[in-house]
>>> print(open('structure.cif').read())   # mmCIF, C-alpha atoms
data_coords
loop_
_atom_site.label_atom_id
_atom_site.label_comp_id
_atom_site.auth_asym_id
_atom_site.auth_seq_id
_atom_site.Cartn_x
_atom_site.Cartn_y
_atom_site.Cartn_z
CA MET A 1 24.01 96.61 18.52
CA ALA A 2 21.10 98.72 19.81
CA ARG A 3 21.95 101.66 22.02
CA MET A 4 20.87 101.28 25.63
CA ALA A 5 18.33 103.83 26.79
CA THR A 6 19.44 106.39 29.39
CA HIS A 7 17.05 107.55 32.10
CA MET A 8 17.45 110.35 34.63
CA ILE A 9 15.49 109.65 37.82
CA THR A 10 14.74 111.69 40.92
CA GLY A 11 13.60 109.95 44.09
CA ALA A 12 15.34 106.65 43.27
CA GLY A 13 16.15 106.02 46.93
CA SER A 14 12.75 104.69 47.99
CA GLY A 15 9.16 103.94 47.05
CA ILE A 16 8.08 104.31 43.43
CA GLY A 17 11.42 105.79 42.36
CA ALA A 18 13.34 102.81 43.71
CA ALA A 19 10.97 100.36 42.01
CA VAL A 20 11.35 102.14 38.65
CA ALA A 21 15.14 102.40 38.97
CA ARG A 22 15.46 98.72 39.87
CA ARG A 23 13.34 97.59 36.92
CA LEU A 24 15.24 99.75 34.42
CA HIS A 25 18.59 98.70 35.89
CA GLU A 26 17.69 95.01 35.74
CA ARG A 27 16.84 95.22 32.05
CA GLY A 28 20.20 96.83 31.25
CA ASP A 29 19.24 100.46 30.70
CA GLU A 30 21.60 103.21 31.82
CA LEU A 31 20.65 105.26 34.88
CA VAL A 32 21.51 108.81 35.86
CA LEU A 33 20.33 109.21 39.45
CA LEU A 34 19.89 112.59 41.11
CA ALA A 35 20.98 112.69 44.74
CA ARG A 36 20.62 115.57 47.19
CA ASP A 37 24.19 115.22 48.49
CA ALA A 38 27.41 113.26 47.99
CA GLY A 39 26.55 110.74 50.71
CA ARG A 40 23.25 109.90 49.10
CA ALA A 41 24.96 109.66 45.70
CA LYS A 42 27.38 107.07 47.10
CA GLU A 43 24.47 105.03 48.48
CA LEU A 44 22.66 105.07 45.15
CA ALA A 45 25.81 104.13 43.22
CA GLY A 46 26.22 101.15 45.54
CA THR A 47 22.62 100.05 45.05
CA TYR A 48 22.71 100.35 41.27
CA PRO A 49 26.18 99.27 40.04
CA GLY A 50 27.19 101.13 36.89
CA ALA A 51 24.69 103.93 37.39
CA ARG A 52 25.86 107.51 37.16
CA THR A 53 24.92 109.98 39.86
CA LEU A 54 24.38 113.72 39.85
CA VAL A 55 24.28 115.80 43.01
CA GLY A 56 21.63 118.50 43.23
CA ASP A 57 19.21 119.39 46.00
CA LEU A 58 15.60 119.69 44.80
CA ALA A 59 14.86 121.75 47.90
CA SER A 60 17.11 124.46 46.41
CA PRO A 61 16.10 124.63 42.74
CA ASP A 62 17.83 128.00 42.30
CA ARG A 63 21.15 126.18 42.78
CA LEU A 64 20.60 123.27 40.40
CA SER A 65 22.09 125.08 37.42
CA TRP A 66 25.21 125.95 39.40
CA ALA A 67 25.50 122.39 40.73
CA PHE A 68 25.23 120.87 37.26
CA SER A 69 27.79 123.30 35.84
CA HIS A 70 30.39 121.51 38.01
CA GLN A 71 29.36 118.03 36.86
CA THR A 72 29.07 116.16 33.55
CA LEU A 73 25.57 115.75 32.15
CA PRO A 74 24.83 112.96 29.64
CA ASP A 75 24.87 113.95 25.97
CA ARG A 76 21.39 112.57 25.46
CA LEU A 77 18.53 111.33 27.61
CA ASP A 78 15.74 108.98 26.65
CA SER A 79 13.67 109.89 29.68
CA LEU A 80 13.47 112.20 32.66
CA LEU A 81 11.46 110.67 35.49
CA HIS A 82 10.31 113.10 38.18
CA VAL A 83 9.46 110.86 41.13
CA ALA A 84 10.79 112.71 44.19
CA GLY A 85 8.35 114.66 46.32
CA VAL A 86 7.61 115.91 49.83
CA VAL A 87 4.35 116.24 51.75
CA ASP A 88 3.47 118.29 54.81
CA LEU A 89 -0.21 118.25 55.74
CA GLY A 90 -1.99 121.05 57.56
CA ARG A 91 -5.04 123.25 57.55
CA VAL A 92 -4.91 126.49 55.57
CA GLY A 93 -5.39 128.33 58.84
CA ASP A 94 -2.27 126.72 60.29
CA LEU A 95 0.20 126.24 57.41
CA THR A 96 3.18 128.61 57.44
CA THR A 97 4.79 130.14 54.38
CA LYS A 98 7.74 127.82 55.04
CA ALA A 99 5.49 124.76 54.65
CA TRP A 100 3.97 126.16 51.46
CA ARG A 101 7.32 127.14 50.01
CA SER A 102 9.12 123.86 50.77
CA GLN A 103 6.45 121.80 48.99
CA LEU A 104 6.24 124.13 46.01
CA GLU A 105 10.04 124.18 45.66
CA VAL A 106 10.50 120.38 45.66
CA ASN A 107 7.27 119.29 43.99
CA LEU A 108 6.88 121.96 41.30
CA ILE A 109 9.71 124.47 40.85
CA ALA A 110 12.50 121.88 40.97
CA PRO A 111 10.86 119.65 38.32
CA ALA A 112 10.39 122.72 36.11
CA GLU A 113 14.02 123.76 36.51
CA LEU A 114 15.41 120.25 36.09
CA THR A 115 13.35 119.83 32.92
CA ARG A 116 14.63 123.15 31.58
CA LEU A 117 18.23 122.15 32.21
CA VAL A 118 18.07 118.81 30.36
CA LEU A 119 15.56 119.62 27.60
CA PRO A 120 18.36 119.87 25.00
CA GLN A 121 19.37 116.27 25.75
CA LEU A 122 15.75 115.11 25.62
CA ARG A 123 15.19 116.79 22.27
CA VAL A 124 18.23 115.03 20.79
CA SER A 125 16.72 111.61 21.52
CA GLN A 126 13.05 112.61 21.18
CA GLY A 127 12.78 111.53 24.77
CA HIS A 128 10.06 111.24 27.36
CA VAL A 129 9.32 113.28 30.49
CA VAL A 130 7.29 111.49 33.17
CA PHE A 131 5.86 113.43 36.08
CA VAL A 132 4.76 111.22 38.98
CA ASN A 133 1.94 113.39 40.23
CA SER A 134 -0.71 112.29 42.76
CA GLY A 135 -4.42 111.88 43.17
CA ALA A 136 -4.04 115.20 45.01
CA GLY A 137 -3.06 116.74 41.67
CA LEU A 138 -6.66 116.23 40.54
CA ASN A 139 -8.63 116.72 43.76
CA ALA A 140 -7.76 118.62 46.94
CA HIS A 141 -9.10 117.53 50.31
CA ALA A 142 -8.99 119.08 53.77
CA GLU A 143 -5.44 119.58 55.11
CA TRP A 144 -3.89 118.83 51.69
CA SER A 145 -3.93 122.39 50.29
CA ALA A 146 -0.19 123.07 49.92
CA TYR A 147 0.70 119.61 48.63
CA ALA A 148 -2.31 119.55 46.30
CA ALA A 149 -1.48 123.03 45.01
CA SER A 150 2.04 121.89 44.15
CA LYS A 151 0.66 118.84 42.35
CA HIS A 152 -2.07 120.80 40.53
CA GLY A 153 0.78 123.04 39.38
CA LEU A 154 2.75 120.00 38.27
CA LYS A 155 -0.17 118.97 36.05
CA ALA A 156 -0.14 122.45 34.47
CA LEU A 157 3.62 122.19 33.93
CA ALA A 158 3.23 118.82 32.22
CA ASP A 159 0.33 119.96 30.04
CA SER A 160 2.16 123.08 28.86
CA LEU A 161 5.40 121.17 28.24
CA ARG A 162 3.52 118.58 26.18
CA HIS A 163 2.12 121.27 23.87
CA GLU A 164 5.45 123.10 23.61
CA GLU A 165 7.63 120.06 22.86
CA HIS A 166 5.29 117.92 20.75
CA ALA A 167 6.83 119.16 17.51
CA ALA A 168 10.28 118.22 18.85
CA GLY A 169 9.08 114.66 19.42
CA VAL A 170 9.30 114.83 23.21
CA ARG A 171 6.54 112.85 24.92
CA VAL A 172 5.10 113.94 28.28
CA THR A 173 3.15 111.76 30.70
CA SER A 174 1.57 112.56 34.06
CA VAL A 175 0.94 109.61 36.38
CA TYR A 176 -1.54 110.06 39.23
CA PRO A 177 -1.06 107.27 41.78
CA GLY A 178 -3.48 106.83 44.64
CA ARG A 179 -2.08 105.98 48.05
CA THR A 180 1.02 103.85 47.54
CA ALA A 181 2.88 101.80 50.14
CA SER A 182 6.01 103.90 50.69
CA PRO A 183 7.90 105.86 53.36
CA MET A 184 5.99 108.97 52.27
CA GLN A 185 2.68 107.20 52.89
CA ALA A 186 3.85 106.11 56.34
CA LYS A 187 4.60 109.77 57.10
CA VAL A 188 1.16 110.85 55.83
CA HIS A 189 -0.54 108.33 58.11
CA GLN A 190 1.52 109.59 61.02
CA GLN A 191 0.45 113.17 60.26
CA GLU A 192 -3.16 112.03 59.96
CA GLY A 193 -2.93 110.14 63.27
CA LYS A 194 -3.87 106.88 61.55
CA GLU A 195 -2.36 103.39 61.78
CA TYR A 196 -0.36 102.53 58.68
CA ASP A 197 -1.04 99.19 56.97
CA ALA A 198 1.03 98.87 53.79
CA SER A 199 -1.05 95.95 52.54
CA ARG A 200 -4.06 98.26 52.03
CA TRP A 201 -2.31 100.41 49.45
CA ILE A 202 -0.79 100.15 45.97
CA ASP A 203 2.52 98.31 45.72
CA PRO A 204 5.20 100.65 44.27
CA GLU A 205 5.97 97.88 41.76
CA SER A 206 2.49 98.29 40.28
CA VAL A 207 3.04 102.02 39.73
CA ALA A 208 6.45 101.20 38.23
CA THR A 209 4.70 98.85 35.78
CA ALA A 210 2.38 101.69 34.73
CA ILE A 211 5.35 104.03 34.23
CA LEU A 212 7.29 101.49 32.17
CA THR A 213 4.19 100.88 30.06
CA ALA A 214 4.13 104.60 29.19
CA LEU A 215 7.87 104.62 28.46
CA ASP A 216 7.76 101.50 26.28
CA LEU A 217 4.71 102.48 24.25
CA PRO A 218 5.48 102.50 20.50
CA ARG A 219 6.21 105.92 19.02
CA ASP A 220 2.87 106.14 17.21
CA ALA A 221 1.13 106.75 20.55
CA GLU A 222 1.57 108.69 23.78
CA ILE A 223 -0.04 108.24 27.19
CA ASN A 224 -0.79 111.76 28.41
CA ASP A 225 -2.47 111.08 31.76
CA LEU A 226 -2.53 107.82 33.70
CA THR A 227 -4.49 107.43 36.94
CA VAL A 228 -3.58 104.45 39.16
CA ARG A 229 -5.93 103.69 42.05
CA PRO A 230 -5.78 101.09 44.85
CA GLY A 231 -7.32 97.86 43.58
CA ARG A 232 -8.47 96.50 46.93
#
>>> encode(input="structure.cif", output="structure tokens")
Amino acid sequence: MARMATHMITGAGSGIGAAVARRLHERGDELVLLARDAGRAKELAGTYPGARTLVGDLASPDRLSWAFSHQTLPDRLDSLLHVAGVVDLGRVGDLTTKAWRSQLEVNLIAPAELTRLVLPQLRVSQGHVVFVNSGAGLNAHAEWSAYAASKHGLKALADSLRHEEHAAGVRVTSVYPGRTASPMQAKVHQQEGKEYDASRWIDPESVATAILTALDLPRDAEINDLTVRPGR
């Protein structure tokens, strides 16, 4: 009997993360879902029966190692899916250090630390690390400086990791979705002072399809960078 794949996912509570978690859960794979607190962990466990949860706050990456030392990590992981993220728009002339730091912590430093902590398990299975980046990780526009900087950094993290772990058989993919219908996008529109119409943007299920395509690609190939843009 073939071993079921095990995937660790951040941001499984909504948007792209929820779509990916649901698809993997439905096909019988094992899920390890990161939650920021015990209450959120209970919600996720109820949504995905049989899934394991880990509690660790991405807003406090310095404490992830301590948090995991009090919990049981899986012996091996087939993938680590970094989907969680935060956005706080503002002009360079107005953004505070708090706004810069919060986005860098969640969007860049936490993925780096989480990857470091579970790399041994990924090496065992010759696993796959997927960074859900953003179009802002390739181009920065007005009022997007802090978020775009965190996502440009995430691209650098992924590129370096890919070179470092290639010999170990670990695959690394960056996915750059355009605007996707999600709670985060609703918040962006609110910050921009624009009316939000979900039908104009990418369905999270479509991004999930792209991510699963990268995960399921035969071992003779690797998708390094995958840009997904609105099709209408």
>>> resolve_selection(input="structure.cif", expression="the PyMOL selection byres ((chain A and resi 11-15) around 10)", output="VMD selection string")
chain A and resid 8 to 10 16 to 22 32 to 36 40 to 41 43 to 44 47 to 48 58 81 to 85 180 to 185 203 to 205 207 to 208
>>> residues_around(input="structure.cif", residues="A:Asp29", least_positions_apart="5", cutoff="10 Å", atoms="only C-alpha atoms", output="ChimeraX atom specification")
/A:3-7,21,23-24,51
>>> closest_residue(input="structure.cif", among="A:Ala45, A:Ile202, A:Ala59, A:Ala168", to="A:Val106", atoms="all atoms listed in the file")
A:Ala59
>>> closest_residue(input="structure.cif", among="A:Leu95, A:Val172, A:Ala142, A:Ala158", to="A:Gln126", atoms="all atoms listed in the file")
A:Val172
>>> resolve_selection(input="structure.cif", expression="the PyMOL selection byres ((chain A and resi 226) around 10)", output="ChimeraX atom specification")
/A:132-133,173-177,210-211,214,223-225,227-229
>>> closest_residue(input="structure.cif", among="A:Ala167, A:Val92, A:Ala99, A:Leu114", to="A:Ser145", atoms="all atoms listed in the file")
A:Val92
>>> residues_around(input="structure.cif", residues="A:Ser150", least_positions_apart="3", cutoff="9 Å", atoms="only C-alpha atoms", output="JSON, numbers by chain")
{"A": [100, 103, 104, 105, 106, 107, 108, 109, 137, 145, 146, 147, 153, 154, 155]}
>>> build_atoms(input="structure.cif", residues="stretch 158-184 of chain A", atoms="N, CA and C atoms", output="PDB file, in the frame of the given file")
ATOM      1  N   ALA A 158       3.191 119.921  33.174  1.00  0.00           N
ATOM      2  CA  ALA A 158       3.230 118.820  32.220  1.00  0.00           C
ATOM      3  C   ALA A 158       2.402 119.118  30.973  1.00  0.00           C
ATOM      4  N   ASP A 159       1.205 119.668  31.178  1.00  0.00           N
ATOM      5  CA  ASP A 159       0.330 119.960  30.040  1.00  0.00           C
ATOM      6  C   ASP A 159       0.951 120.998  29.106  1.00  0.00           C
ATOM      7  N   SER A 160       1.521 122.050  29.685  1.00  0.00           N
ATOM      8  CA  SER A 160       2.160 123.080  28.860  1.00  0.00           C
ATOM      9  C   SER A 160       3.376 122.519  28.132  1.00  0.00           C
ATOM     10  N   LEU A 161       4.199 121.755  28.844  1.00  0.00           N
ATOM     11  CA  LEU A 161       5.400 121.170  28.240  1.00  0.00           C
ATOM     12  C   LEU A 161       5.026 120.260  27.070  1.00  0.00           C
ATOM     13  N   ARG A 162       3.951 119.501  27.244  1.00  0.00           N
ATOM     14  CA  ARG A 162       3.520 118.580  26.180  1.00  0.00           C
ATOM     15  C   ARG A 162       3.191 119.354  24.897  1.00  0.00           C
ATOM     16  N   HIS A 163       2.459 120.456  25.031  1.00  0.00           N
ATOM     17  CA  HIS A 163       2.120 121.270  23.870  1.00  0.00           C
ATOM     18  C   HIS A 163       3.359 121.911  23.246  1.00  0.00           C
ATOM     19  N   GLU A 164       4.264 122.382  24.105  1.00  0.00           N
ATOM     20  CA  GLU A 164       5.450 123.100  23.610  1.00  0.00           C
ATOM     21  C   GLU A 164       6.430 122.180  22.893  1.00  0.00           C
ATOM     22  N   GLU A 165       6.575 120.935  23.371  1.00  0.00           N
ATOM     23  CA  GLU A 165       7.630 120.060  22.860  1.00  0.00           C
ATOM     24  C   GLU A 165       7.136 118.968  21.914  1.00  0.00           C
ATOM     25  N   HIS A 166       5.837 118.971  21.617  1.00  0.00           N
ATOM     26  CA  HIS A 166       5.290 117.920  20.750  1.00  0.00           C
ATOM     27  C   HIS A 166       5.986 117.914  19.380  1.00  0.00           C
ATOM     28  N   ALA A 167       6.196 119.078  18.827  1.00  0.00           N
ATOM     29  CA  ALA A 167       6.830 119.160  17.510  1.00  0.00           C
ATOM     30  C   ALA A 167       8.271 118.656  17.532  1.00  0.00           C
ATOM     31  N   ALA A 168       8.904 118.718  18.706  1.00  0.00           N
ATOM     32  CA  ALA A 168      10.280 118.220  18.850  1.00  0.00           C
ATOM     33  C   ALA A 168      10.315 116.719  19.092  1.00  0.00           C
ATOM     34  N   GLY A 169       9.134 116.105  19.207  1.00  0.00           N
ATOM     35  CA  GLY A 169       9.080 114.660  19.420  1.00  0.00           C
ATOM     36  C   GLY A 169       9.229 114.221  20.848  1.00  0.00           C
ATOM     37  N   VAL A 170       9.174 115.171  21.790  1.00  0.00           N
ATOM     38  CA  VAL A 170       9.300 114.830  23.210  1.00  0.00           C
ATOM     39  C   VAL A 170       7.919 114.467  23.749  1.00  0.00           C
ATOM     40  N   ARG A 171       7.810 113.292  24.339  1.00  0.00           N
ATOM     41  CA  ARG A 171       6.540 112.850  24.920  1.00  0.00           C
ATOM     42  C   ARG A 171       6.483 113.240  26.399  1.00  0.00           C
ATOM     43  N   VAL A 172       5.280 113.515  26.886  1.00  0.00           N
ATOM     44  CA  VAL A 172       5.100 113.940  28.280  1.00  0.00           C
ATOM     45  C   VAL A 172       3.927 113.181  28.887  1.00  0.00           C
ATOM     46  N   THR A 173       4.173 112.542  30.009  1.00  0.00           N
ATOM     47  CA  THR A 173       3.150 111.760  30.700  1.00  0.00           C
ATOM     48  C   THR A 173       3.049 112.191  32.159  1.00  0.00           C
ATOM     49  N   SER A 174       1.821 112.376  32.631  1.00  0.00           N
ATOM     50  CA  SER A 174       1.570 112.560  34.060  1.00  0.00           C
ATOM     51  C   SER A 174       0.935 111.284  34.608  1.00  0.00           C
ATOM     52  N   VAL A 175       1.479 110.793  35.713  1.00  0.00           N
ATOM     53  CA  VAL A 175       0.940 109.610  36.380  1.00  0.00           C
ATOM     54  C   VAL A 175       0.382 110.048  37.729  1.00  0.00           C
ATOM     55  N   TYR A 176      -0.856 109.647  38.004  1.00  0.00           N
ATOM     56  CA  TYR A 176      -1.540 110.060  39.230  1.00  0.00           C
ATOM     57  C   TYR A 176      -1.811 108.826  40.107  1.00  0.00           C
ATOM     58  N   PRO A 177      -0.832 108.421  40.919  1.00  0.00           N
ATOM     59  CA  PRO A 177      -1.060 107.270  41.780  1.00  0.00           C
ATOM     60  C   PRO A 177      -1.958 107.647  42.967  1.00  0.00           C
ATOM     61  N   GLY A 178      -2.815 106.703  43.354  1.00  0.00           N
ATOM     62  CA  GLY A 178      -3.480 106.830  44.640  1.00  0.00           C
ATOM     63  C   GLY A 178      -2.484 106.485  45.739  1.00  0.00           C
ATOM     64  N   ARG A 179      -2.985 106.255  46.925  1.00  0.00           N
ATOM     65  CA  ARG A 179      -2.080 105.980  48.050  1.00  0.00           C
ATOM     66  C   ARG A 179      -1.246 104.729  47.769  1.00  0.00           C
ATOM     67  N   THR A 180       0.058 104.902  47.879  1.00  0.00           N
ATOM     68  CA  THR A 180       1.020 103.850  47.540  1.00  0.00           C
ATOM     69  C   THR A 180       1.864 103.520  48.765  1.00  0.00           C
ATOM     70  N   ALA A 181       2.113 102.241  48.982  1.00  0.00           N
ATOM     71  CA  ALA A 181       2.880 101.800  50.140  1.00  0.00           C
ATOM     72  C   ALA A 181       4.326 102.279  50.014  1.00  0.00           C
ATOM     73  N   SER A 182       4.695 103.287  50.800  1.00  0.00           N
ATOM     74  CA  SER A 182       6.010 103.900  50.690  1.00  0.00           C
ATOM     75  C   SER A 182       6.311 104.653  51.986  1.00  0.00           C
ATOM     76  N   PRO A 183       7.583 105.045  52.180  1.00  0.00           N
ATOM     77  CA  PRO A 183       7.900 105.860  53.360  1.00  0.00           C
ATOM     78  C   PRO A 183       7.080 107.147  53.425  1.00  0.00           C
ATOM     79  N   MET A 184       6.797 107.754  52.269  1.00  0.00           N
ATOM     80  CA  MET A 184       5.990 108.970  52.270  1.00  0.00           C
ATOM     81  C   MET A 184       4.589 108.679  52.813  1.00  0.00           C
TER      82      MET A 184
END
